Amino acid sequence: MSSEHHARHHAQVLVASNRGPVSYAVRDDGTLDAKRGGGGLVSGLSAIGPDTDALWVCAALTDGDREAVRRGVGEAGVRMLAIDAEVHADAYNGIANSVLWFVHHLLYQTPLEPAFGSEFRRQWAAYEAYNRAFAEALAAEAAPDAAVLVQDYHLALVPGMLRELRADLRIGHFSHTPWAPLDYFRMLPDDIAAQLLRGMLGADRLAFLTRRWADAFVGCVSGVLGPDALGATRIGVHGLGADADFLRERSRRDDVEERLVGLRSQIGTGPSGDVRKTIVRVDRTELSKNILRGLQAYRLLLESHPEWRERVVHLAFAYPSRQDLEIYRAYTAEVSRVASEINETFGTPGWTPVVLHVKDDFARSLAAYRLADVALVNPIRDGMNLVAKEVPVVSDEGCALVLSREAGAFEELGDDAVVVNPFDVSGTAAALHSALVMPSAERAERTKRLAAAATSLPPAQWFLDQLTELRG
Ligand code: F6P
């Protein structure tokens with residue numbers, strides 16, 4: 001169905017997010033190539049069944065997306081908003097990714113930044129316009145009393161704006177990120193901090209991935225707006241889990257088997273002929289993922305435990321993310337530089353200590369999950385971290401999980417992981433050593449319990465629970 005041919009006021013369930021479930025690229029011959037994404041919302045929406053009229057409202061992100069909107073082609077059930085490209089860039093790169101993401105993940109180097117001046121105010125106006133475009137589209141598409149599920153920090157103002165336009169709707173908002181503690185949140189100018197919170201409080205229900213992030217939000221509301229400011233808005237927690245059925249089936253397909261063969265030959269065997277141990281990490285190259293301290297910890301492991309030299313390989317998959325931002329490009333370059341430095345310092349003709357892959361390849365990620373002896377998940381701060389939940393589900397023979405206590409997943413997986421403070425490089429090196437020497441029976445037992453905890457709330461259920469709560 002073309003996005004231009006929607007009947008108005010028809011949708012009973014609406015999802016709104018910056019990134020949608022499909023993206024387009026213009027082929028050389030001028031035709032459009034559609035790529036579908038996965039994730040919790042995609043499985044969630046498919047779980048509500050064909051009888052419910054559902055609509056996903058998202059932003060056109062690529063030139064291909066804009067072209068698809070211009071030509072009026074698109075997927076049934078998806079409406080892409082062709083927001084002016086500069087407005088979108090200021091809202092997405094300028095505010096969402098360079099301010100709100102930094103606030104919630106505690107990423108600023110405070111002696112230098114943030115400095116909220118006129119450039120910030122200009123970008124904030126774009127963020128308001130971008131949120132307004134979503135609110136207006138949702139108001140136009142929603143059936144009376146429809147449920148609207150707004151996603152993430154990109155769209156924090158939408159609930160309040162939408163409430164003004166359509167008082168009849170049931171509005172939910174879900175945060176996939178952590179929420180900042182009050183003292184950090186207050187770095188935002190006072191009027192902006194208040195506007196953001198009031199925008200969110202336009203929802204009937206606000207949901208978070210963990211109790212910790214939900215409590216932080218409530219703390220910000222009472223600290224910034226006053227003790228009773230929460231009003232009638234309900235707060236919920238839904239800890240998104242891994243999709244066990246999908247992962248188990250997908251990770252046994254031929255393309256994954258092929259990647260396993262390739263990775264095994266890159267890993268190779270140690271001096272005594274044993275297959276080398278493997279420490280795996282898989283991340284977007286995202287500032288909050290702490291890839292550099294992970295590499296430093298690995299380097300320290302090789303220094304402080306020389307017995308591991310030639311006997312271990314660190315498979316580090318760091319896939320490109322947000323490359324419009326200079327700081328992400330610099331971070332990506334630094335990850336490559338440090339990996340090469342470790343290889344130059346310790347590598348031998350038959351042993352590459354760090355195997356770094358930067359080209360996104362889901363089948364290869366699954367292959368790495370299957371063979372990992374140790375998974376390193378050490379974010380500075382993370383809403384949940386699904387890698388920590390996926391590895392135990394897919395692992396062939398059990399995998400020790402080194403997990404940051406600052407990841408949302410720590411609440412559910414902490415008991416069976418080797419837990420680290422993500423800033424403590426020495427502690428992380430010691431944790432890698434403990435994980436590597438963990439007896440295989442213990443590793444297998446822990447992996448079983450981790451997999452059970454990781455899959456207790458599958459994506460479809462996660463989504464349906466939110467819908468039920470919102471309608472309840
Ligand atoms: O991990 C939190 C999150 O907000 C996800 O919900 C979302 O997919 C991602 O970050 C945003 O990333 P991007 O900027 O690449 O769309």
# chains A, B, ... in the order shown; residues from 1 in each chain; ligands from 1
$ residues_near_ligand --ligand "ligand 1" --cutoff "7 Å" --atoms "only C-alpha atoms and all ligand atoms" --output "JSON list (two decimals) with C-alpha atoms, in the first residue's frame"
[["chain", "number", "residue", "atom", "x", "y", "z"],
["A", 18, "ASN", "CA", 13.04, 7.28, 14.09],
["A", 19, "ARG", "CA", 14.38, 4.20, 12.30],
["A", 97, "ASN", "CA", 22.71, 11.53, 19.22],
["A", 152, "ASP", "CA", 13.03, 6.29, 22.41],
["A", 176, "HIS", "CA", 15.53, 1.70, 24.91],
["A", 177, "THR", "CA", 18.38, 3.56, 26.56],
["A", 321, "SER", "CA", 27.56, 3.40, 13.48],
["A", 322, "ARG", "CA", 26.62, 7.10, 13.26],
["A", 383, "GLY", "CA", 19.91, 0.23, 28.14]]
$ select_by_dssp --residues "stretch 389-456 of chain A" --states "alpha helix (DSSP H)" --output "count of residues only"
38
$ residues_around --residues "stretch 247-255 of chain A" --least-positions-apart "2" --cutoff "7 Å" --atoms "only C-alpha atoms" --output "ChimeraX atom specification"
/A:243-245,257-259,363,366,394
$ residues_around --residues "A:Ala229" --least-positions-apart "6" --cutoff "9 Å" --atoms "only C-alpha atoms" --output "list in words"
Arg198, Leu201, Val221 and Ser222 of chain A
$ write_last_selection --atoms "C-alpha atoms" --output "PDB file, in the first residue's frame"
ATOM      1  CA  ARG A 198       6.750  17.247  30.380  1.00  0.00           C
ATOM      2  CA  LEU A 201       4.637  12.855  30.806  1.00  0.00           C
ATOM      3  CA  VAL A 221      10.797  14.229  37.420  1.00  0.00           C
ATOM      4  CA  SER A 222      10.654  14.960  41.120  1.00  0.00           C
TER       5      SER A 222
END
$ select_by_dssp --residues "stretch 246-380 of chain A" --states "strand (DSSP E or B)" --output "PDB file with C-alpha atoms, in the first residue's frame"
ATOM      1  CA  THR A 269      45.834 -23.690  16.929  1.00  0.00           C
ATOM      2  CA  VAL A 275      42.484 -24.959  19.260  1.00  0.00           C
ATOM      3  CA  LYS A 277      40.615 -19.985  23.111  1.00  0.00           C
ATOM      4  CA  THR A 278      38.455 -17.191  21.756  1.00  0.00           C
ATOM      5  CA  ILE A 279      37.252 -13.981  23.392  1.00  0.00           C
ATOM      6  CA  VAL A 280      34.411 -12.527  21.308  1.00  0.00           C
ATOM      7  CA  ARG A 281      32.839  -9.103  21.285  1.00  0.00           C
ATOM      8  CA  VAL A 282      30.173  -7.882  18.832  1.00  0.00           C
ATOM      9  CA  ASP A 283      29.088  -4.268  18.912  1.00  0.00           C
ATOM     10  CA  ARG A 284      28.160  -1.291  16.878  1.00  0.00           C
ATOM     11  CA  VAL A 312      44.028 -16.991  22.751  1.00  0.00           C
ATOM     12  CA  VAL A 313      42.492 -14.818  20.015  1.00  0.00           C
ATOM     13  CA  HIS A 314      40.259 -11.790  20.546  1.00  0.00           C
ATOM     14  CA  LEU A 315      37.604 -11.671  17.827  1.00  0.00           C
ATOM     15  CA  ALA A 316      36.369  -8.087  17.904  1.00  0.00           C
ATOM     16  CA  PHE A 317      33.487  -7.209  15.603  1.00  0.00           C
ATOM     17  CA  ALA A 318      32.929  -3.466  15.602  1.00  0.00           C
ATOM     18  CA  TYR A 319      30.327  -2.466  13.049  1.00  0.00           C
ATOM     19  CA  THR A 348      53.867 -13.814  15.679  1.00  0.00           C
ATOM     20  CA  TRP A 351      49.214 -15.851  15.582  1.00  0.00           C
ATOM     21  CA  VAL A 354      43.197  -9.432  17.683  1.00  0.00           C
ATOM     22  CA  VAL A 355      41.044 -10.234  14.673  1.00  0.00           C
ATOM     23  CA  LEU A 356      39.035  -7.074  14.022  1.00  0.00           C
ATOM     24  CA  HIS A 357      36.099  -7.122  11.604  1.00  0.00           C
ATOM     25  CA  VAL A 374      34.374 -15.915  26.479  1.00  0.00           C
ATOM     26  CA  ALA A 375      32.038 -13.080  25.488  1.00  0.00           C
ATOM     27  CA  LEU A 376      33.162  -9.589  26.461  1.00  0.00           C
ATOM     28  CA  VAL A 377      30.258  -7.175  27.035  1.00  0.00           C
TER      29      VAL A 377
END
$ residues_around --residues "A:Gly398" --least-positions-apart "5" --cutoff "9 Å" --atoms "only C-alpha atoms" --output "MDAnalysis selection string"
chainID A and resid 370:374 392 440:448
$ residues_around --residues "stretch 415-428 of chain A" --least-positions-apart "4" --cutoff "8 Å" --atoms "only C-alpha atoms" --output "ChimeraX atom specification"
/A:290,293-294,296-297,300,378-380,400-406,432,434-435,446-447,449-450
$ write_last_selection --atoms "N, CA, C and O atoms" --output "mmCIF file, in the first residue's frame"
data_model
loop_
_atom_site.group_PDB
_atom_site.id
_atom_site.type_symbol
_atom_site.label_atom_id
_atom_site.label_comp_id
_atom_site.auth_asym_id
_atom_site.auth_seq_id
_atom_site.Cartn_x
_atom_site.Cartn_y
_atom_site.Cartn_z
ATOM 1 N N ASN A 290 32.473 0.915 24.881
ATOM 2 C CA ASN A 290 33.716 0.725 25.643
ATOM 3 C C ASN A 290 34.680 -0.249 24.971
ATOM 4 O O ASN A 290 35.371 -1.022 25.645
ATOM 5 N N ARG A 293 38.554 0.307 26.001
ATOM 6 C CA ARG A 293 39.010 -0.263 27.281
ATOM 7 C C ARG A 293 38.998 -1.793 27.214
ATOM 8 O O ARG A 293 39.781 -2.451 27.901
ATOM 9 N N GLY A 294 38.129 -2.350 26.395
ATOM 10 C CA GLY A 294 38.133 -3.801 26.198
ATOM 11 C C GLY A 294 39.454 -4.245 25.578
ATOM 12 O O GLY A 294 40.067 -5.233 26.008
ATOM 13 N N GLN A 296 42.275 -2.548 25.711
ATOM 14 C CA GLN A 296 43.341 -2.312 26.703
ATOM 15 C C GLN A 296 43.393 -3.454 27.725
ATOM 16 O O GLN A 296 44.471 -3.886 28.141
ATOM 17 N N ALA A 297 42.216 -3.942 28.108
ATOM 18 C CA ALA A 297 42.171 -5.041 29.080
ATOM 19 C C ALA A 297 42.785 -6.311 28.470
ATOM 20 O O ALA A 297 43.510 -7.054 29.140
ATOM 21 N N LEU A 300 46.461 -5.987 28.514
ATOM 22 C CA LEU A 300 46.968 -6.212 29.866
ATOM 23 C C LEU A 300 46.955 -7.704 30.213
ATOM 24 O O LEU A 300 47.870 -8.198 30.898
ATOM 25 N N ASN A 378 31.228 -5.097 27.853
ATOM 26 C CA ASN A 378 31.700 -4.205 28.929
ATOM 27 C C ASN A 378 31.281 -2.748 28.746
ATOM 28 O O ASN A 378 32.078 -1.839 28.956
ATOM 29 N N PRO A 379 30.012 -2.481 28.330
ATOM 30 C CA PRO A 379 29.656 -1.089 28.060
ATOM 31 C C PRO A 379 29.797 -0.169 29.273
ATOM 32 O O PRO A 379 29.608 -0.590 30.417
ATOM 33 N N ILE A 380 30.092 1.084 28.966
ATOM 34 C CA ILE A 380 30.113 2.146 29.975
ATOM 35 C C ILE A 380 28.738 2.229 30.625
ATOM 36 O O ILE A 380 28.588 2.405 31.828
ATOM 37 N N ALA A 400 31.650 -18.311 28.772
ATOM 38 C CA ALA A 400 31.678 -17.476 29.980
ATOM 39 C C ALA A 400 31.398 -16.038 29.571
ATOM 40 O O ALA A 400 31.960 -15.552 28.586
ATOM 41 N N LEU A 401 30.529 -15.379 30.331
ATOM 42 C CA LEU A 401 30.126 -14.016 29.982
ATOM 43 C C LEU A 401 30.791 -13.012 30.929
ATOM 44 O O LEU A 401 30.554 -13.050 32.138
ATOM 45 N N VAL A 402 31.644 -12.147 30.365
ATOM 46 C CA VAL A 402 32.204 -11.038 31.153
ATOM 47 C C VAL A 402 31.293 -9.843 30.898
ATOM 48 O O VAL A 402 31.169 -9.377 29.767
ATOM 49 N N LEU A 403 30.636 -9.385 31.962
ATOM 50 C CA LEU A 403 29.538 -8.435 31.775
ATOM 51 C C LEU A 403 29.693 -7.197 32.657
ATOM 52 O O LEU A 403 29.916 -7.299 33.869
ATOM 53 N N SER A 404 29.519 -6.051 32.053
ATOM 54 C CA SER A 404 29.543 -4.778 32.786
ATOM 55 C C SER A 404 28.345 -4.665 33.712
ATOM 56 O O SER A 404 27.208 -4.934 33.317
ATOM 57 N N ARG A 405 28.613 -4.188 34.914
ATOM 58 C CA ARG A 405 27.493 -3.979 35.848
ATOM 59 C C ARG A 405 26.649 -2.778 35.442
ATOM 60 O O ARG A 405 25.584 -2.549 36.017
ATOM 61 N N GLU A 406 27.101 -2.022 34.456
ATOM 62 C CA GLU A 406 26.346 -0.853 33.987
ATOM 63 C C GLU A 406 25.448 -1.163 32.785
ATOM 64 O O GLU A 406 24.825 -0.259 32.224
ATOM 65 N N LEU A 432 38.765 -11.404 32.428
ATOM 66 C CA LEU A 432 38.991 -12.197 31.203
ATOM 67 C C LEU A 432 39.773 -13.467 31.558
ATOM 68 O O LEU A 432 39.463 -14.560 31.067
ATOM 69 N N SER A 434 39.833 -15.026 34.527
ATOM 70 C CA SER A 434 38.939 -15.968 35.245
ATOM 71 C C SER A 434 37.987 -16.641 34.284
ATOM 72 O O SER A 434 37.676 -17.824 34.440
ATOM 73 N N ALA A 435 37.502 -15.894 33.317
ATOM 74 C CA ALA A 435 36.553 -16.478 32.365
ATOM 75 C C ALA A 435 37.249 -17.540 31.508
ATOM 76 O O ALA A 435 36.679 -18.597 31.232
ATOM 77 N N ARG A 446 26.478 -22.502 33.778
ATOM 78 C CA ARG A 446 26.142 -21.073 33.826
ATOM 79 C C ARG A 446 25.463 -20.638 32.519
ATOM 80 O O ARG A 446 24.538 -19.834 32.534
ATOM 81 N N THR A 447 25.948 -21.166 31.422
ATOM 82 C CA THR A 447 25.382 -20.763 30.128
ATOM 83 C C THR A 447 23.915 -21.166 30.046
ATOM 84 O O THR A 447 23.078 -20.417 29.532
ATOM 85 N N ARG A 449 21.798 -21.433 32.519
ATOM 86 C CA ARG A 449 20.995 -20.506 33.341
ATOM 87 C C ARG A 449 20.920 -19.120 32.687
ATOM 88 O O ARG A 449 19.877 -18.466 32.700
ATOM 89 N N LEU A 450 22.037 -18.694 32.082
ATOM 90 C CA LEU A 450 22.025 -17.398 31.392
ATOM 91 C C LEU A 450 21.014 -17.412 30.249
ATOM 92 O O LEU A 450 20.254 -16.462 30.052
#
$ atom_distance --atom1 "atom CA of A:Glu113" --atom2 "atom CA of A:Glu334"
20.6 Å
$ closest_residue --among "A:Gly273, A:Gly219, A:Gly39, A:Gly202" --to "A:Ala460" --atoms "only C-alpha atoms"
A:Gly39
$ residues_around --residues "A:Asp183" --least-positions-apart "4" --cutoff "12 Å" --atoms "only C-alpha atoms" --output "list of chain:residue names"
A:Val103, A:His104, A:Leu106, A:Trp179, A:Met187, A:Leu188, A:Ala193, A:Ala216, A:Phe217, A:Gly219, A:Cys220, A:Gly223, A:Val224
$ closest_atom_pairs --of "stretch 121-234 of chain A" --to "stretch 47-64 of chain A" --cutoff "9 Å" --atoms "only C-alpha atoms" --output "CSV"
residue,atom,partner,partner_atom,distance
A:Phe134,CA,A:Val57,CA,7.5
A:Ala137,CA,A:Val57,CA,7.7
A:Leu138,CA,A:Val57,CA,7.3
A:Glu141,CA,A:Leu55,CA,8.1
A:Ala142,CA,A:Leu55,CA,8.6
